[in-house]
2 protein chains.
Amino acid sequence: MSIHHLQHEALHRAWNRDLPPVLTVDPGDTVVFSTIDAADGKIPAPTWAAGPPNSSAWGVHPLEVESGHPICGPVAIRGAEPGDTLVVEVLEIVPNSWGWTAIGDHGVLGTEFAERALVYWDLRSGEVAVPWAPEGEPVMAARVPMLPFCGVMGVAPAEPGEQSTIPPRTVGGNMDVRFLTTGSTLLLPVAVEQALFSVGDVHAAQGDGEVSGTGIECHATVTLRFDLRRGRQLAQPEFYTPRRIIQGPCYGTSGVSPDLMEATRQAVWQMIAYLTTEHGFRATDAYLLCSAAVDLTVSEVVDGPNWIVSALLPLRVLST
Amino acid sequence: MSIHHLQHEALHRAWNRDLPPVLTVDPGDTVVFSTIDAADGKIPAPTWAAGPPNSSAWGVHPLEVESGHPICGPVAIRGAEPGDTLVVEVLEIVPNSWGWTAIGDHGVLGTEFAERALVYWDLRSGEVAVPWAPEGEPVMAARVPMLPFCGVMGVAPAEPGEQSTIPPRTVGGNMDVRFLTTGSTLLLPVAVEQALFSVGDVHAAQGDGEVSGTGIECHATVTLRFDLRRGRQLAQPEFYTPRRIIQGPCYGTSGVSPDLMEATRQAVWQMIAYLTTEHGFRATDAYLLCSAAVDLTVSEVVDGPNWIVSALLPLRVLST
């Protein structure tokens, strides 16, 4: 039941079953990870007195994750074998004092949404993310409750060689499941000897879907406890979450289409239209806010040939 | 600001822009609808003393909605024109005292899930749906909080001729959006003169996705208020909902796939495996419970090539 610490020196940027572990722990042990953001620290840090960097960095940023997420690990779990289930308890996630959200080409609207943008968020309250621009720049009228989780938690895949961190896998990875907050437990199918777990890409908050391609990305300190379960074999990740997020009143848009991805895109386009038309948002701010705070739900997949995906905006996000 | 009443004589079973209205109302008027269930009343009613019909009806039922949902209307809204938005306020939904959920071929698992089944629910408390079988029959150990909504609310489509009630349309219809509970407001794009609104298919509860093909289907009394908005033109339905449903702790399964529908199916299969393996459910009960109480969310659609759909089971459903 030891407590271990891993700092930035343990970062790697691809899954690889042959990567030597930076730490070996016993089931029951706890590890405190120091994680950095998905942009590998390339987004300029703000200065508290002067605020975030100037508008050229703030307004348009060509950022894409190119070389893979920096993830902390791999941690070997002694005795883990393929067919076991790795149990990861999320004991604590403490974001750094600032975060960012960008519109990338990999957003669900792709290049149909032509503009690119980046916003900073002030996370110092620890409770709510506040949009934050250099003095004189407009900021969107929105506040997003902080519910931090790790975008990436996973074990090494069975396939040999370097594997991209971008797509999630049946062994976890870049899952972006926003329910994996403090108090949750993630179950991952072990694919290689000693599991080889890594973590990173903390989001201070995110809407289901992460539609613009990024949540509220940040550096963080993450405390996880590991255990092994030898019984039931999992095909994919499962999890326990201590609570559904309580959102109060919401505004919704429903995408109707025979294709779930098209229904998703339509719901997002329509939410952007709602925010720009009814609340005076710039389109870029609306898209970013969707990624940070709007949830996508599958309303029905049984009334063929048309399915519905609804996007839900918690209205308290607009009470600034 | 009149109040009107529509009984069962106003039922029709297809959308049709040329169907004469059974009632014409002014903007601001309220209508109390008497709706019957999606099976058009063909599911045998229980008797309170004797309980639901015997196990042959209860265990396996070949039900499919064949001839379209019975929907109440059409109601003409005086002055509505194509390009307007019909505003529908949901003032009250009172389900009948019993409901049912079935596994049909049109469930999201299709015929891969081979068994067919039907369960009755006792809705008399008005608060929670309790599975209900003839004496001596096993019932699943689950309770589902009631949050009734209308599965079908829509206006006549622009296309001439009879149109099926099964698929939802950009003018609404069989949306099965479970957020449209009492206190919500639905906005629908008007496609024909006088809008021609109809309603039906009340569900006492349903999970996002309605995965086995039915929610907790019931007869009901539905009170709606109508208004018109001439400003913003909608491409698809939008809505306001007074609250996100508060679920407390949940268990989740994550489907990982390059196809959202396949990710959805995987998440549902895995939730069925969880309920059967960890909680001793029969597979049919597990699938039915998924349809009645498990929510599908789009966790991410930006970490290509793999997307994630997560299924969330509120654990309080299992506290019987």
# chains A, B, ... in the order shown; residues from 1 in each chain; ligands from 1
>>> interface_residues(of="chain B", to="chain A", cutoff="7 Å", atoms="only C-alpha atoms", output="PyMOL selection string")
chain B and resi 106-108+166-170+176-177+208-211+213+236-244+246-256+260-261+296-306
>>> select_by_dssp(residues="region 28-134 of chain A", states="alpha helix (DSSP H)", output="list in words")
Ser55, Ser56, Ala57, Trp58 and Gly59 of chain A
>>> write_last_selection(atoms="N, CA, C and O atoms", output="PDB file, in the first residue's frame")
ATOM      1  N   SER A  55      -3.486  38.884 -28.218  1.00  0.00           N
ATOM      2  CA  SER A  55      -4.588  38.368 -29.027  1.00  0.00           C
ATOM      3  C   SER A  55      -4.136  37.519 -30.209  1.00  0.00           C
ATOM      4  O   SER A  55      -4.908  36.699 -30.693  1.00  0.00           O
ATOM      5  N   SER A  56      -2.903  37.695 -30.680  1.00  0.00           N
ATOM      6  CA  SER A  56      -2.512  36.875 -31.822  1.00  0.00           C
ATOM      7  C   SER A  56      -2.442  35.400 -31.412  1.00  0.00           C
ATOM      8  O   SER A  56      -2.848  34.512 -32.147  1.00  0.00           O
ATOM      9  N   ALA A  57      -1.963  35.160 -30.194  1.00  0.00           N
ATOM     10  CA  ALA A  57      -1.956  33.780 -29.698  1.00  0.00           C
ATOM     11  C   ALA A  57      -3.357  33.360 -29.285  1.00  0.00           C
ATOM     12  O   ALA A  57      -3.764  32.217 -29.430  1.00  0.00           O
ATOM     13  N   TRP A  58      -4.095  34.327 -28.762  1.00  0.00           N
ATOM     14  CA  TRP A  58      -5.395  34.008 -28.192  1.00  0.00           C
ATOM     15  C   TRP A  58      -6.464  33.798 -29.253  1.00  0.00           C
ATOM     16  O   TRP A  58      -7.297  32.912 -29.159  1.00  0.00           O
ATOM     17  N   GLY A  59      -6.402  34.656 -30.309  1.00  0.00           N
ATOM     18  CA  GLY A  59      -7.499  34.648 -31.262  1.00  0.00           C
ATOM     19  C   GLY A  59      -7.466  33.475 -32.222  1.00  0.00           C
ATOM     20  O   GLY A  59      -8.457  32.808 -32.440  1.00  0.00           O
TER      21      GLY A  59
END
>>> select_by_dssp(residues="region 22-115 of chain A", states="strand (DSSP E or B)", output="PyMOL selection string")
chain A and resi 23-25+30-35+47+51+71-77+85-95+98-102
>>> atom_distance(atom1="CA of Ala220 (chain B)", atom2="CA of Gly73 (chain B)")
14.8 Å
>>> residues_around(residues="Thr223 (chain A)", least_positions_apart="2", cutoff="6 Å", atoms="only C-alpha atoms", output="list of chain:residue names")
A:Val31, A:Val32, A:Leu91, A:Glu92
>>> residues_around(residues="Trp15 (chain B)", least_positions_apart="3", cutoff="7 Å", atoms="only C-alpha atoms", output="PyMOL selection string")
chain B and resi 156+162-165
>>> residues_around(residues="Gly126 (chain A)", least_positions_apart="3", cutoff="10 Å", atoms="only C-alpha atoms", output="PyMOL selection string")
chain A and resi 94-98+122-123+129+145-148+204
>>> write_last_selection(atoms="N, CA, C and O atoms", output="PDB file, in the first residue's frame")
ATOM      1  N   VAL A  94      -6.157  17.488  -9.403  1.00  0.00           N
ATOM      2  CA  VAL A  94      -6.030  18.918  -9.113  1.00  0.00           C
ATOM      3  C   VAL A  94      -5.468  19.623 -10.338  1.00  0.00           C
ATOM      4  O   VAL A  94      -4.273  19.501 -10.644  1.00  0.00           O
ATOM      5  N   PRO A  95      -6.300  20.352 -11.083  1.00  0.00           N
ATOM      6  CA  PRO A  95      -5.798  21.082 -12.249  1.00  0.00           C
ATOM      7  C   PRO A  95      -4.895  22.229 -11.830  1.00  0.00           C
ATOM      8  O   PRO A  95      -4.996  22.749 -10.718  1.00  0.00           O
ATOM      9  N   ASN A  96      -4.031  22.605 -12.754  1.00  0.00           N
ATOM     10  CA  ASN A  96      -3.259  23.830 -12.630  1.00  0.00           C
ATOM     11  C   ASN A  96      -4.222  25.023 -12.633  1.00  0.00           C
ATOM     12  O   ASN A  96      -5.430  24.845 -12.721  1.00  0.00           O
ATOM     13  N   SER A  97      -3.673  26.214 -12.563  1.00  0.00           N
ATOM     14  CA  SER A  97      -4.512  27.399 -12.374  1.00  0.00           C
ATOM     15  C   SER A  97      -5.086  27.960 -13.668  1.00  0.00           C
ATOM     16  O   SER A  97      -5.887  28.879 -13.635  1.00  0.00           O
ATOM     17  N   TRP A  98      -4.708  27.422 -14.804  1.00  0.00           N
ATOM     18  CA  TRP A  98      -5.236  27.920 -16.078  1.00  0.00           C
ATOM     19  C   TRP A  98      -5.405  26.775 -17.066  1.00  0.00           C
ATOM     20  O   TRP A  98      -4.773  25.733 -16.947  1.00  0.00           O
ATOM     21  N   ASP A 122      -9.470  30.845 -16.741  1.00  0.00           N
ATOM     22  CA  ASP A 122      -8.901  31.028 -15.405  1.00  0.00           C
ATOM     23  C   ASP A 122      -9.513  29.960 -14.492  1.00  0.00           C
ATOM     24  O   ASP A 122     -10.732  29.930 -14.294  1.00  0.00           O
ATOM     25  N   LEU A 123      -8.673  29.056 -13.965  1.00  0.00           N
ATOM     26  CA  LEU A 123      -9.174  27.948 -13.144  1.00  0.00           C
ATOM     27  C   LEU A 123      -8.872  28.161 -11.667  1.00  0.00           C
ATOM     28  O   LEU A 123      -9.007  27.238 -10.861  1.00  0.00           O
ATOM     29  N   ALA A 129     -14.634  27.447 -14.308  1.00  0.00           N
ATOM     30  CA  ALA A 129     -13.696  27.931 -15.313  1.00  0.00           C
ATOM     31  C   ALA A 129     -14.257  29.215 -15.921  1.00  0.00           C
ATOM     32  O   ALA A 129     -15.386  29.233 -16.410  1.00  0.00           O
ATOM     33  N   PRO A 145     -18.737  25.051 -14.882  1.00  0.00           N
ATOM     34  CA  PRO A 145     -18.371  24.369 -13.633  1.00  0.00           C
ATOM     35  C   PRO A 145     -17.235  23.381 -13.871  1.00  0.00           C
ATOM     36  O   PRO A 145     -17.240  22.649 -14.862  1.00  0.00           O
ATOM     37  N   MET A 146     -16.244  23.382 -12.978  1.00  0.00           N
ATOM     38  CA  MET A 146     -15.100  22.472 -13.135  1.00  0.00           C
ATOM     39  C   MET A 146     -15.451  21.077 -12.629  1.00  0.00           C
ATOM     40  O   MET A 146     -15.966  20.919 -11.524  1.00  0.00           O
ATOM     41  N   LEU A 147     -15.202  20.086 -13.453  1.00  0.00           N
ATOM     42  CA  LEU A 147     -15.375  18.674 -13.075  1.00  0.00           C
ATOM     43  C   LEU A 147     -14.224  17.906 -13.707  1.00  0.00           C
ATOM     44  O   LEU A 147     -14.393  17.185 -14.688  1.00  0.00           O
ATOM     45  N   PRO A 148     -13.006  18.071 -13.140  1.00  0.00           N
ATOM     46  CA  PRO A 148     -11.829  17.550 -13.826  1.00  0.00           C
ATOM     47  C   PRO A 148     -11.806  16.026 -13.923  1.00  0.00           C
ATOM     48  O   PRO A 148     -12.271  15.316 -13.035  1.00  0.00           O
ATOM     49  N   ALA A 204     -10.204  20.122 -17.261  1.00  0.00           N
ATOM     50  CA  ALA A 204     -10.874  20.715 -16.103  1.00  0.00           C
ATOM     51  C   ALA A 204     -12.387  20.583 -16.233  1.00  0.00           C
ATOM     52  O   ALA A 204     -13.110  20.564 -15.235  1.00  0.00           O
TER      53      ALA A 204
END
